[in-house]
>>> print(open('upload23.pdb').read())   # PDB, C-alpha atoms
ATOM      1  CA  MET A 284     -59.588  -9.717   8.815
ATOM      2  CA  ASN A 285     -58.160 -11.807   5.988
ATOM      3  CA  LYS A 286     -57.408  -8.621   4.044
ATOM      4  CA  LEU A 287     -55.559  -7.153   7.055
ATOM      5  CA  ARG A 288     -53.525 -10.344   7.395
ATOM      6  CA  ARG A 289     -52.545 -10.243   3.729
ATOM      7  CA  ILE A 290     -51.466  -6.584   4.074
ATOM      8  CA  ILE A 291     -49.353  -7.402   7.149
ATOM      9  CA  LEU A 292     -47.876 -10.478   5.465
ATOM     10  CA  TRP A 293     -46.907  -8.725   2.231
ATOM     11  CA  ALA A 294     -45.637  -5.597   4.024
ATOM     12  CA  ALA A 295     -43.446  -7.672   6.362
ATOM     13  CA  LEU A 296     -42.168  -9.732   3.443
ATOM     14  CA  ALA A 297     -41.303  -6.569   1.492
ATOM     15  CA  LEU A 298     -39.405  -5.105   4.452
ATOM     16  CA  ILE A 299     -37.518  -8.352   5.077
ATOM     17  CA  ILE A 300     -36.492  -8.613   1.405
ATOM     18  CA  SER A 301     -35.443  -4.955   1.386
ATOM     19  CA  SER A 302     -33.300  -5.598   4.485
ATOM     20  CA  ILE A 303     -31.276  -8.082   2.412
ATOM     21  CA  PHE A 304     -30.503  -5.432  -0.201
ATOM     22  CA  LEU A 305     -29.781  -2.838   2.485
ATOM     23  CA  SER A 306     -27.296  -5.223   4.118
ATOM     24  CA  ILE A 307     -25.551  -5.815   0.787
ATOM     25  CA  TYR A 308     -25.384  -2.069   0.160
ATOM     26  CA  GLY A 309     -24.050  -1.425   3.680
ATOM     27  CA  ALA A 310     -21.289  -3.991   3.192
ATOM     28  CA  PHE A 311     -19.747  -1.772   0.477
ATOM     29  CA  LEU A 312     -19.855   1.417   2.557
ATOM     30  CA  GLY A 313     -17.240   0.528   5.140
ATOM     31  CA  ALA A 314     -17.785   0.303   8.895
ATOM     32  CA  ALA A 315     -17.984   4.035   9.695
ATOM     33  CA  ARG A 316     -20.300   5.031   6.826
ATOM     34  CA  ALA A 317     -22.452   1.917   7.263
ATOM     35  CA  LYS A 318     -23.018   2.764  10.929
ATOM     36  CA  GLY A 319     -24.131   6.281   9.998
ATOM     37  CA  PHE A 320     -26.368   4.908   7.244
ATOM     38  CA  PHE A 321     -28.135   2.315   9.407
ATOM     39  CA  ASN A 322     -28.601   4.852  12.232
ATOM     40  CA  SER A 323     -30.043   7.543   9.958
ATOM     41  CA  ILE A 324     -33.612   8.767  10.497
ATOM     42  CA  PRO A 325     -35.121   6.950   7.441
ATOM     43  CA  LEU A 326     -33.510   3.659   8.470
ATOM     44  CA  SER A 327     -34.546   4.163  12.109
ATOM     45  CA  ILE A 328     -38.156   4.457  10.928
ATOM     46  CA  TYR A 329     -37.628   1.374   8.752
ATOM     47  CA  TRP A 330     -36.362  -0.803  11.663
ATOM     48  CA  LEU A 331     -39.154   0.401  13.927
ATOM     49  CA  ALA A 332     -41.765  -0.379  11.248
ATOM     50  CA  LEU A 333     -40.333  -3.887  10.782
ATOM     51  CA  ALA A 334     -40.466  -4.572  14.534
ATOM     52  CA  CYS A 335     -44.065  -3.282  14.728
ATOM     53  CA  LEU A 336     -45.106  -5.443  11.774
ATOM     54  CA  LEU A 337     -43.696  -8.548  13.443
ATOM     55  CA  VAL A 338     -45.661  -7.747  16.628
ATOM     56  CA  LEU A 339     -48.819  -7.201  14.547
ATOM     57  CA  ALA A 340     -48.223 -10.520  12.792
ATOM     58  CA  ILE A 341     -48.163 -12.329  16.149
ATOM     59  CA  ALA A 342     -51.433 -10.637  17.142
ATOM     60  CA  ALA A 343     -53.134 -11.115  13.739
ATOM     61  CA  PHE A 344     -52.105 -14.719  13.115
ATOM     62  CA  GLN A 345     -53.483 -16.514  16.167
ATOM     63  CA  ARG A 346     -52.100 -19.818  14.873
ATOM     64  CA  LEU A 347     -48.594 -18.657  15.841
ATOM     65  CA  LEU A 348     -49.586 -18.849  19.503
ATOM     66  CA  HIS A 349     -50.122 -22.604  19.131
ATOM     67  CA  VAL A 350     -46.922 -23.316  17.176
ATOM     68  CA  PRO A 351     -44.002 -22.851  19.609
ATOM     69  CA  GLY A 352     -41.307 -22.915  16.931
ATOM     70  CA  LEU A 353     -42.852 -20.147  14.836
ATOM     71  CA  LEU A 354     -43.776 -18.094  17.905
ATOM     72  CA  LEU A 355     -40.235 -18.227  19.297
ATOM     73  CA  THR A 356     -38.816 -17.316  15.879
ATOM     74  CA  HIS A 357     -41.021 -14.233  15.569
ATOM     75  CA  LEU A 358     -40.469 -13.141  19.182
ATOM     76  CA  GLY A 359     -36.713 -13.613  18.741
ATOM     77  CA  CYS A 360     -36.695 -11.315  15.696
ATOM     78  CA  VAL A 361     -38.705  -8.709  17.605
ATOM     79  CA  LEU A 362     -36.268  -8.791  20.532
ATOM     80  CA  ILE A 363     -33.225  -8.525  18.232
ATOM     81  CA  LEU A 364     -34.686  -5.475  16.491
ATOM     82  CA  ALA A 365     -35.874  -3.895  19.772
ATOM     83  CA  GLY A 366     -32.502  -4.434  21.472
ATOM     84  CA  SER A 367     -30.608  -3.047  18.481
ATOM     85  CA  ILE A 368     -32.841   0.046  18.337
ATOM     86  CA  TRP A 369     -32.576   0.602  22.106
ATOM     87  CA  GLY A 370     -28.777   0.275  21.982
ATOM     88  CA  SER A 371     -28.282   2.573  18.967
ATOM     89  CA  ASP A 372     -27.173   6.208  19.176
ATOM     90  CA  ARG A 373     -30.769   7.402  18.817
ATOM     91  CA  GLY A 374     -31.867   4.828  21.368
ATOM     92  CA  HIS A 375     -29.392   6.280  23.881
ATOM     93  CA  SER A 376     -30.732   9.780  23.155
ATOM     94  CA  LEU A 377     -34.255   8.500  23.748
ATOM     95  CA  GLN A 378     -33.211   6.938  27.072
ATOM     96  CA  LYS A 379     -31.803  10.263  28.229
ATOM     97  CA  ARG A 380     -35.041  12.029  27.279
ATOM     98  CA  LEU A 381     -37.411   9.476  28.777
ATOM     99  CA  VAL A 382     -35.678   8.105  31.872
ATOM    100  CA  GLY A 383     -32.717  10.444  32.348
ATOM    101  CA  LEU A 384     -30.145   7.712  31.707
ATOM    102  CA  ASP A 385     -27.133   9.349  30.031
ATOM    103  CA  LYS A 386     -24.857   6.502  28.917
ATOM    104  CA  ILE A 387     -22.051   6.735  26.370
ATOM    105  CA  PRO A 388     -23.027   4.757  23.216
ATOM    106  CA  GLN A 389     -19.500   4.275  21.886
ATOM    107  CA  GLY A 390     -16.200   6.083  21.941
ATOM    108  CA  GLN A 391     -12.476   5.932  22.584
ATOM    109  CA  MET A 392     -10.237   6.879  25.476
ATOM    110  CA  ILE A 393      -6.473   7.457  25.511
ATOM    111  CA  ILE A 394      -4.731   6.549  28.767
ATOM    112  CA  PHE A 395      -1.049   7.193  29.446
ATOM    113  CA  GLU A 396       0.938   4.689  31.468
ATOM    114  CA  GLY A 397       0.649   5.484  35.181
ATOM    115  CA  ALA A 398      -2.236   7.942  34.644
ATOM    116  CA  SER A 399      -5.990   7.726  35.265
ATOM    117  CA  GLU A 400      -8.649   8.774  32.777
ATOM    118  CA  LYS A 401     -12.444   8.940  32.665
ATOM    119  CA  HIS A 402     -13.055  11.051  29.538
ATOM    120  CA  VAL A 403     -14.361   9.275  26.448
ATOM    121  CA  LYS A 404     -14.287  10.865  22.999
ATOM    122  CA  LEU A 405     -17.534  10.058  21.208
ATOM    123  CA  GLU A 406     -17.356   8.474  17.770
ATOM    124  CA  ALA A 407     -20.336  10.396  16.437
ATOM    125  CA  ASN A 408     -18.728  13.815  17.004
ATOM    126  CA  GLU A 409     -15.809  15.565  18.676
ATOM    127  CA  GLN A 410     -17.528  15.785  22.073
ATOM    128  CA  THR A 411     -16.289  14.034  25.205
ATOM    129  CA  LYS A 412     -18.241  12.505  28.060
ATOM    130  CA  GLU A 413     -17.206  11.198  31.447
ATOM    131  CA  LEU A 414     -17.536   7.685  32.793
ATOM    132  CA  PRO A 415     -18.853   7.322  36.369
ATOM    133  CA  PHE A 416     -15.454   5.833  37.270
ATOM    134  CA  SER A 417     -11.809   6.188  36.233
ATOM    135  CA  ILE A 418      -9.456   3.756  34.549
ATOM    136  CA  LYS A 419      -5.777   3.751  35.459
ATOM    137  CA  LEU A 420      -3.197   2.217  33.153
ATOM    138  CA  LYS A 421      -0.786   0.435  35.490
ATOM    139  CA  ASP A 422       1.294  -1.131  32.752
ATOM    140  CA  PHE A 423       1.274  -1.576  29.007
ATOM    141  CA  ARG A 424       3.277  -4.220  27.202
ATOM    142  CA  LEU A 425       3.663  -5.780  23.794
ATOM    143  CA  GLU A 426       4.110  -9.487  23.197
ATOM    144  CA  HIS A 427       5.885 -10.765  20.091
ATOM    145  CA  TYR A 428       6.372 -13.878  18.084
ATOM    146  CA  GLU A 429       9.908 -14.920  18.860
ATOM    147  CA  PRO A 430      12.650 -14.801  17.845
ATOM    148  CA  GLY A 431      11.931 -12.358  14.992
ATOM    149  CA  TYR A 432      14.043 -11.714  11.917
ATOM    150  CA  LEU A 433      17.002  -9.669  10.707
ATOM    151  CA  LEU A 434      16.400  -7.596   7.594
ATOM    152  CA  ILE A 435      19.482  -6.836   5.489
ATOM    153  CA  GLU A 436      19.428  -4.383   2.596
ATOM    154  CA  THR A 437      22.120  -3.112   0.260
ATOM    155  CA  ARG A 438      22.316   0.169  -1.556
ATOM    156  CA  GLY A 439      21.792  -1.832  -4.743
ATOM    157  CA  GLN A 440      18.329  -2.888  -3.530
ATOM    158  CA  GLN A 441      19.296  -6.471  -2.631
ATOM    159  CA  ARG A 442      17.433  -7.828   0.383
ATOM    160  CA  TRP A 443      17.726 -10.767   2.773
ATOM    161  CA  GLN A 444      15.270 -11.634   5.533
ATOM    162  CA  LEU A 445      17.010 -14.003   7.935
ATOM    163  CA  PRO A 446      15.561 -15.755  10.992
ATOM    164  CA  VAL A 447      17.296 -14.869  14.252
ATOM    165  CA  GLU A 448      19.190 -18.031  15.184
ATOM    166  CA  ILE A 449      22.107 -17.554  17.556
ATOM    167  CA  GLY A 450      25.331 -18.902  16.038
ATOM    168  CA  ALA A 451      23.886 -19.558  12.573
ATOM    169  CA  GLU A 452      26.051 -18.196   9.748
ATOM    170  CA  TYR A 453      24.385 -16.883   6.604
ATOM    171  CA  SER A 454      26.108 -16.255   3.289
ATOM    172  CA  LEU A 455      25.361 -12.955   1.552
ATOM    173  CA  GLY A 456      27.193 -13.851  -1.636
ATOM    174  CA  PRO A 457      30.743 -13.175  -2.856
ATOM    175  CA  ASP A 458      30.343  -9.381  -2.701
ATOM    176  CA  PHE A 459      29.263  -9.098   0.942
ATOM    177  CA  GLY A 460      30.632 -12.141   2.775
ATOM    178  CA  THR A 461      28.748 -13.726   5.695
ATOM    179  CA  ILE A 462      26.777 -12.592   8.734
ATOM    180  CA  THR A 463      26.258 -14.310  12.091
ATOM    181  CA  VAL A 464      23.905 -13.393  14.946
ATOM    182  CA  THR A 465      26.016 -13.900  18.080
ATOM    183  CA  LYS A 466      23.698 -12.550  20.813
ATOM    184  CA  ARG A 467      20.120 -11.477  21.387
ATOM    185  CA  PHE A 468      19.212  -8.905  24.046
ATOM    186  CA  LYS A 469      15.782  -8.298  25.560
ATOM    187  CA  ASN A 470      16.900  -5.136  27.346
ATOM    188  CA  PHE A 471      20.207  -3.925  25.909
ATOM    189  CA  LYS A 472      22.360  -1.806  28.218
ATOM    190  CA  ILE A 473      25.986  -0.697  28.285
ATOM    191  CA  THR A 474      27.987  -1.118  31.488
ATOM    192  CA  PHE A 475      31.522   0.127  32.218
ATOM    193  CA  ASP A 476      33.944  -2.088  34.160
ATOM    194  CA  GLY A 477      36.619   0.578  34.511
ATOM    195  CA  THR A 478      38.532  -0.268  31.349
ATOM    196  CA  GLN A 479      35.934  -0.886  28.651
ATOM    197  CA  ARG A 480      32.281  -0.713  27.821
ATOM    198  CA  ILE A 481      30.457  -4.042  27.948
ATOM    199  CA  PRO A 482      26.988  -4.704  26.443
ATOM    200  CA  ILE A 483      24.705  -6.652  28.805
ATOM    201  CA  ASP A 484      21.124  -7.901  28.901
ATOM    202  CA  SER A 485      19.908  -5.823  31.841
ATOM    203  CA  PRO A 486      17.578  -7.545  34.344
ATOM    204  CA  LYS A 487      16.105  -4.179  35.333
ATOM    205  CA  ALA A 488      12.705  -2.999  34.170
ATOM    206  CA  GLY A 489      12.585  -1.817  30.598
ATOM    207  CA  SER A 490      12.652  -3.116  27.084
ATOM    208  CA  ASN A 491      15.349  -2.429  24.510
ATOM    209  CA  PRO A 492      15.490  -5.455  22.157
ATOM    210  CA  ALA A 493      18.703  -5.727  20.149
ATOM    211  CA  LEU A 494      20.987  -8.135  18.293
ATOM    212  CA  GLU A 495      24.747  -8.466  18.231
ATOM    213  CA  VAL A 496      25.918  -9.508  14.773
ATOM    214  CA  GLN A 497      29.297 -10.236  13.247
ATOM    215  CA  ILE A 498      29.880  -9.390   9.600
ATOM    216  CA  THR A 499      32.757 -11.137   7.846
ATOM    217  CA  ASP A 500      33.592  -9.436   4.550
ATOM    218  CA  PRO A 501      35.050 -11.338   1.536
ATOM    219  CA  ASN A 502      38.579 -10.385   2.693
ATOM    220  CA  GLY A 503      38.094 -12.013   6.108
ATOM    221  CA  ALA A 504      37.789  -8.808   8.171
ATOM    222  CA  VAL A 505      35.254  -9.153  11.016
ATOM    223  CA  THR A 506      33.033  -6.272  12.179
ATOM    224  CA  THR A 507      30.722  -6.412  15.204
ATOM    225  CA  LYS A 508      27.524  -4.362  15.083
ATOM    226  CA  TYR A 509      24.488  -3.890  17.305
ATOM    227  CA  VAL A 510      21.084  -3.752  15.680
ATOM    228  CA  PHE A 511      18.189  -2.295  17.689
ATOM    229  CA  GLU A 512      14.512  -2.947  17.169
ATOM    230  CA  ARG A 513      13.340   0.529  18.175
ATOM    231  CA  PHE A 514      16.234   2.666  16.977
ATOM    232  CA  GLY A 515      17.537   2.515  13.447
ATOM    233  CA  GLY A 516      20.976   3.760  14.392
ATOM    234  CA  HIS A 517      23.393   5.818  12.292
ATOM    235  CA  VAL A 518      24.156   4.821   8.711
ATOM    236  CA  HIS A 519      27.647   5.713   7.524
ATOM    237  CA  PRO A 520      28.348   6.385   3.854
ATOM    238  CA  GLU A 521      30.839   3.498   3.763
ATOM    239  CA  ASP A 522      28.327   0.950   5.101
ATOM    240  CA  LYS A 523      27.501  -1.616   2.441
ATOM    241  CA  LEU A 524      24.767  -3.279   4.496
ATOM    242  CA  LEU A 525      21.758  -1.662   6.168
ATOM    243  CA  LEU A 526      20.530  -3.787   9.094
ATOM    244  CA  SER A 527      17.243  -3.708  10.987
ATOM    245  CA  TYR A 528      15.767  -5.984  13.634
ATOM    246  CA  HIS A 529      12.060  -6.845  13.497
ATOM    247  CA  ARG A 530       9.654  -8.818  15.667
ATOM    248  CA  ILE A 531       6.028  -9.430  14.749
ATOM    249  CA  ILE A 532       3.565  -8.324  17.431
ATOM    250  CA  SER A 533       1.355 -11.152  18.683
ATOM    251  CA  ASP A 534      -0.616  -9.221  21.304
ATOM    252  CA  PHE A 535      -0.761  -5.925  23.209
ATOM    253  CA  ILE A 536      -1.929  -5.931  26.803
ATOM    254  CA  SER A 537      -3.103  -3.201  29.169
ATOM    255  CA  GLU A 538      -2.997  -3.837  32.903
ATOM    256  CA  ILE A 539      -5.717  -1.559  34.261
ATOM    257  CA  GLN A 540      -7.331  -0.567  37.544
ATOM    258  CA  ILE A 541     -10.928   0.622  37.791
ATOM    259  CA  ILE A 542     -11.169   3.361  40.415
ATOM    260  CA  LYS A 543     -14.153   5.170  41.940
ATOM    261  CA  ASP A 544     -14.059   7.649  44.829
ATOM    262  CA  GLY A 545     -10.390   6.866  45.367
ATOM    263  CA  LYS A 546     -11.005   3.119  45.795
ATOM    264  CA  VAL A 547      -9.772   0.394  43.452
ATOM    265  CA  LEU A 548     -12.881  -1.588  42.514
ATOM    266  CA  ALA A 549     -11.211  -4.025  40.113
ATOM    267  CA  GLU A 550      -7.914  -4.905  38.472
ATOM    268  CA  GLU A 551      -8.057  -6.413  34.998
ATOM    269  CA  SER A 552      -5.788  -7.473  32.156
ATOM    270  CA  LEU A 553      -7.192  -6.187  28.877
ATOM    271  CA  GLU A 554      -6.061  -7.928  25.678
ATOM    272  CA  VAL A 555      -7.034  -8.016  22.019
ATOM    273  CA  ASN A 556     -10.214 -10.133  21.671
ATOM    274  CA  HIS A 557     -10.431 -10.340  25.490
ATOM    275  CA  PRO A 558     -12.471  -7.280  26.525
ATOM    276  CA  VAL A 559     -13.222  -6.197  30.084
ATOM    277  CA  TYR A 560     -16.800  -5.594  31.244
ATOM    278  CA  PHE A 561     -17.591  -3.194  34.074
ATOM    279  CA  GLY A 562     -20.340  -0.779  35.040
ATOM    280  CA  GLY A 563     -22.479  -1.328  31.960
ATOM    281  CA  TYR A 564     -19.615  -0.915  29.475
ATOM    282  CA  HIS A 565     -17.344  -3.183  27.475
ATOM    283  CA  PHE A 566     -13.727  -2.053  27.109
ATOM    284  CA  TYR A 567     -11.747  -3.318  24.122
ATOM    285  CA  GLN A 568      -8.020  -3.009  23.402
ATOM    286  CA  HIS A 569      -8.194  -0.859  20.273
ATOM    287  CA  ALA A 570      -4.730   0.586  19.573
ATOM    288  CA  TYR A 571      -1.597   1.909  21.254
ATOM    289  CA  ASP A 572       1.347   4.279  20.928
ATOM    290  CA  ASP A 573       3.370   2.406  18.302
ATOM    291  CA  LYS A 574       6.494   4.546  18.823
ATOM    292  CA  ALA A 575       7.203   4.609  22.540
ATOM    293  CA  GLY A 576       4.385   2.465  23.947
ATOM    294  CA  GLU A 577       3.503   5.195  26.451
ATOM    295  CA  TYR A 578      -0.278   5.068  26.091
ATOM    296  CA  THR A 579      -3.099   2.743  25.164
ATOM    297  CA  ILE A 580      -6.314   3.441  23.245
ATOM    298  CA  LEU A 581      -9.433   1.673  24.504
ATOM    299  CA  MET A 582     -12.730   1.300  22.676
ATOM    300  CA  VAL A 583     -15.687   1.888  25.024
ATOM    301  CA  THR A 584     -19.083   0.382  24.129
ATOM    302  CA  SER A 585     -22.338   0.545  26.072
ATOM    303  CA  ASP A 586     -24.116  -2.741  26.847
ATOM    304  CA  THR A 587     -27.563  -1.149  26.451
ATOM    305  CA  GLY A 588     -29.887  -3.498  24.553
ATOM    306  CA  LEU A 589     -27.226  -6.209  24.289
ATOM    307  CA  LYS A 590     -28.916  -8.698  26.649
ATOM    308  CA  MET A 591     -32.152  -8.258  24.728
ATOM    309  CA  VAL A 592     -30.329  -9.002  21.458
ATOM    310  CA  TYR A 593     -28.664 -12.106  22.927
ATOM    311  CA  LEU A 594     -32.011 -13.361  24.256
ATOM    312  CA  GLY A 595     -33.558 -12.737  20.837
ATOM    313  CA  TYR A 596     -30.887 -14.785  19.064
ATOM    314  CA  LEU A 597     -31.342 -17.590  21.598
ATOM    315  CA  MET A 598     -35.103 -17.632  21.025
ATOM    316  CA  LEU A 599     -34.583 -17.503  17.257
ATOM    317  CA  CYS A 600     -32.216 -20.494  17.308
ATOM    318  CA  VAL A 601     -34.498 -22.490  19.637
ATOM    319  CA  GLY A 602     -37.504 -21.660  17.442
ATOM    320  CA  VAL A 603     -35.768 -22.787  14.244
ATOM    321  CA  PHE A 604     -34.525 -25.967  15.937
ATOM    322  CA  TRP A 605     -38.004 -26.679  17.284
ATOM    323  CA  GLN A 606     -39.744 -26.035  13.949
ATOM    324  CA  PHE A 607     -37.415 -27.967  11.622
ATOM    325  CA  TRP A 608     -35.963 -30.719  13.833
ATOM    326  CA  LEU A 609     -37.841 -31.295  17.095
ATOM    327  CA  ARG A 610     -41.365 -30.861  15.733
ATOM    328  CA  PRO A 611     -40.996 -33.558  12.987
ATOM    329  CA  ILE A 612     -39.513 -35.964  15.570
ATOM    330  CA  LEU A 613     -42.433 -35.379  17.977
ATOM    331  CA  ARG A 614     -44.917 -35.779  15.128
ATOM    332  CA  LYS A 615     -43.382 -39.112  14.060
ATOM    333  CA  SER A 616     -43.348 -40.442  17.612
ATOM    334  CA  SER A 617     -47.003 -39.481  18.125
ATOM    335  CA  THR A 618     -48.118 -41.216  14.886
ATOM    336  CA  LYS A 619     -46.326 -44.431  15.885
ATOM    337  CA  GLU A 620     -48.261 -44.536  19.134
TER     338      GLU A 620
END
>>> encode(input="upload23.pdb", output="structure tokens")
Amino acid sequence: MNKLRRIILWAALALIISSIFLSIYGAFLGAARAKGFFNSIPLSIYWLALACLLVLAIAAFQRLLHVPGLLLTHLGCVLILAGSIWGSDRGHSLQKRLVGLDKIPQGQMIIFEGASEKHVKLEANEQTKELPFSIKLKDFRLEHYEPGYLLIETRGQQRWQLPVEIGAEYSLGPDFGTITVTKRFKNFKITFDGTQRIPIDSPKAGSNPALEVQITDPNGAVTTKYVFERFGGHVHPEDKLLLSYHRIISDFISEIQIIKDGKVLAEESLEVNHPVYFGGYHFYQHAYDDKAGEYTILMVTSDTGLKMVYLGYLMLCVGVFWQFWLRPILRKSSTKE
């Protein structure tokens, strides 16, 4: 029995130490290659062997059953490994084979504004699978850090990056004069009053951010120009200054509806770092159409094994706290009595 315990102890120790080196190696592979590496057949056998060794250790070392801190620590590690294996790509394949549960491990879906979609493109290959419900993109919008900045470039490679402050005048040196931002538009439109065209900030739906700027050249001549965020505009050969309007994106938000059998089951606002959970899946705001903002790209991740992993981490933390903090306090209090 003592020989068996030593074998289990040294084998578990060797696997735990090797996991440290595997983690270091995986950190240099990048996310995509590391995922493939840790889900490969040899590594799947490795994780399963480690989980089995921890279970054997609990059975072989009866003392663990009488030390709550150590027992919780070992059980927590077993649950973390079991949940991770069950939630992996191979774990999902095993679920389909054993219990007929065909969930999507992970993938992406592209949804155009106003359209519904249920197809998910798998990350592991080019295949697509269907969700048991549809997601409709009601609205997609970008939020920015305001007020942005005006970038000015010359053909001689001089550059100025100026904050957008209405009425502030900036000097560009003796060769180019000064520039002043006179107006800022959230949704630039042109209206016609019968005699002339007038730029307005339209209250109607839409987004066409723009700036009105006045350029005063060294001779005192004033030119008014409109600089658009989305459209670069035409550059004339005689233009000395090339202007562009920029705002830094702070967030991108998808307003979605979850629909099944023609009924809206939920309406959610999906943001970066604020995923939506529904029907056994987490939906993350992954990317978007950076040109016209007409579609959003969602990352879809199955929750299979996740609760087991969370419970394992909770048990691990409680076990460590019990073993290194609570146990010494209880021991001291019992000796004083």
>>> residues_around(input="upload23.pdb", residues="region 432-448 of chain A", least_positions_apart="3", cutoff="12 Å", atoms="only C-alpha atoms", output="ChimeraX atom specification")
/A:427-429,451-456,458-459,461-468,493-496,498,509-512,515,518-531
>>> residues_around(input="upload23.pdb", residues="region 333-346 of chain A", least_positions_apart="3", cutoff="12 Å", atoms="all atoms listed in the file", output="CSV table (one decimal) with C-alpha atoms, in the coordinates of the input")
chain,number,residue,atom,x,y,z
A,284,MET,CA,-59.6,-9.7,8.8
A,285,ASN,CA,-58.2,-11.8,6.0
A,286,LYS,CA,-57.4,-8.6,4.0
A,287,LEU,CA,-55.6,-7.2,7.1
A,288,ARG,CA,-53.5,-10.3,7.4
A,289,ARG,CA,-52.5,-10.2,3.7
A,290,ILE,CA,-51.5,-6.6,4.1
A,291,ILE,CA,-49.4,-7.4,7.1
A,292,LEU,CA,-47.9,-10.5,5.5
A,293,TRP,CA,-46.9,-8.7,2.2
A,294,ALA,CA,-45.6,-5.6,4.0
A,295,ALA,CA,-43.4,-7.7,6.4
A,296,LEU,CA,-42.2,-9.7,3.4
A,297,ALA,CA,-41.3,-6.6,1.5
A,298,LEU,CA,-39.4,-5.1,4.5
A,299,ILE,CA,-37.5,-8.4,5.1
A,300,ILE,CA,-36.5,-8.6,1.4
A,301,SER,CA,-35.4,-5.0,1.4
A,302,SER,CA,-33.3,-5.6,4.5
A,326,LEU,CA,-33.5,3.7,8.5
A,327,SER,CA,-34.5,4.2,12.1
A,328,ILE,CA,-38.2,4.5,10.9
A,329,TYR,CA,-37.6,1.4,8.8
A,330,TRP,CA,-36.4,-0.8,11.7
A,349,HIS,CA,-50.1,-22.6,19.1
A,350,VAL,CA,-46.9,-23.3,17.2
A,351,PRO,CA,-44.0,-22.9,19.6
A,352,GLY,CA,-41.3,-22.9,16.9
A,353,LEU,CA,-42.9,-20.1,14.8
A,354,LEU,CA,-43.8,-18.1,17.9
A,355,LEU,CA,-40.2,-18.2,19.3
A,356,THR,CA,-38.8,-17.3,15.9
A,357,HIS,CA,-41.0,-14.2,15.6
A,358,LEU,CA,-40.5,-13.1,19.2
A,359,GLY,CA,-36.7,-13.6,18.7
A,360,CYS,CA,-36.7,-11.3,15.7
A,361,VAL,CA,-38.7,-8.7,17.6
A,362,LEU,CA,-36.3,-8.8,20.5
A,363,ILE,CA,-33.2,-8.5,18.2
A,364,LEU,CA,-34.7,-5.5,16.5
A,365,ALA,CA,-35.9,-3.9,19.8
A,366,GLY,CA,-32.5,-4.4,21.5
A,367,SER,CA,-30.6,-3.0,18.5
A,368,ILE,CA,-32.8,0.0,18.3
>>> closest_residue(input="upload23.pdb", among="A:Leu347, A:Ala332, A:Asn470, A:Asp500", to="Gly602 (chain A)", atoms="only C-alpha atoms")
A:Leu347
>>> closest_residue(input="upload23.pdb", among="A:Asn322, A:Ser490, A:Gln391, A:Thr506", to="Phe423 (chain A)", atoms="only C-alpha atoms")
A:Ser490
>>> atom_distance(input="upload23.pdb", atom1="CA of Asp484 (chain A)", atom2="CA of Tyr571 (chain A)")
25.9 Å
>>> atom_distance(input="upload23.pdb", atom1="CA of Tyr560 (chain A)", atom2="CA of Ile532 (chain A)")
24.8 Å
>>> residues_near_point(input="upload23.pdb", point="(-0.4, 1.0, 32.2)", cutoff="9 Å", atoms="all atoms listed in the file", output="PDB file with C-alpha atoms, in the coordinates of the input")
ATOM      1  CA  ILE A 394      -4.731   6.549  28.767  1.00  0.00           C
ATOM      2  CA  PHE A 395      -1.049   7.193  29.446  1.00  0.00           C
ATOM      3  CA  GLU A 396       0.938   4.689  31.468  1.00  0.00           C
ATOM      4  CA  GLY A 397       0.649   5.484  35.181  1.00  0.00           C
ATOM      5  CA  ALA A 398      -2.236   7.942  34.644  1.00  0.00           C
ATOM      6  CA  LYS A 419      -5.777   3.751  35.459  1.00  0.00           C
ATOM      7  CA  LEU A 420      -3.197   2.217  33.153  1.00  0.00           C
ATOM      8  CA  LYS A 421      -0.786   0.435  35.490  1.00  0.00           C
ATOM      9  CA  ASP A 422       1.294  -1.131  32.752  1.00  0.00           C
ATOM     10  CA  PHE A 423       1.274  -1.576  29.007  1.00  0.00           C
ATOM     11  CA  ARG A 424       3.277  -4.220  27.202  1.00  0.00           C
ATOM     12  CA  ILE A 536      -1.929  -5.931  26.803  1.00  0.00           C
ATOM     13  CA  SER A 537      -3.103  -3.201  29.169  1.00  0.00           C
ATOM     14  CA  GLU A 538      -2.997  -3.837  32.903  1.00  0.00           C
ATOM     15  CA  ILE A 539      -5.717  -1.559  34.261  1.00  0.00           C
ATOM     16  CA  GLN A 540      -7.331  -0.567  37.544  1.00  0.00           C
ATOM     17  CA  GLU A 577       3.503   5.195  26.451  1.00  0.00           C
ATOM     18  CA  TYR A 578      -0.278   5.068  26.091  1.00  0.00           C
ATOM     19  CA  THR A 579      -3.099   2.743  25.164  1.00  0.00           C
TER      20      THR A 579
END
>>> atom_distance(input="upload23.pdb", atom1="CA of Leu548 (chain A)", atom2="CA of Lys379 (chain A)")
26.5 Å
>>> axis_aligned_box(input="upload23.pdb", around="region 587-593 of chain A", padding_each_side="3 Å", output="JSON")
{"center_x": -29.7, "center_y": -6.6, "center_z": 24.1, "size_x": 10.9, "size_y": 17.0, "size_z": 11.2}
>>> resolve_selection(input="upload23.pdb", expression="the PyMOL selection byres ((chain A and resi 485) around 9)", output="JSON, numbers by chain")
{"A": [468, 469, 470, 471, 472, 473, 482, 483, 484, 486, 487, 488, 489]}
>>> resolve_selection(input="upload23.pdb", expression="the PyMOL selection byres ((chain A and resi 383-386) around 9)", output="list in words")
His375, Ser376, Leu377, Gln378, Lys379, Arg380, Leu381, Val382, Ile387, Pro388, Lys412, Leu414, Gly563, Ser585 and Thr587 of chain A
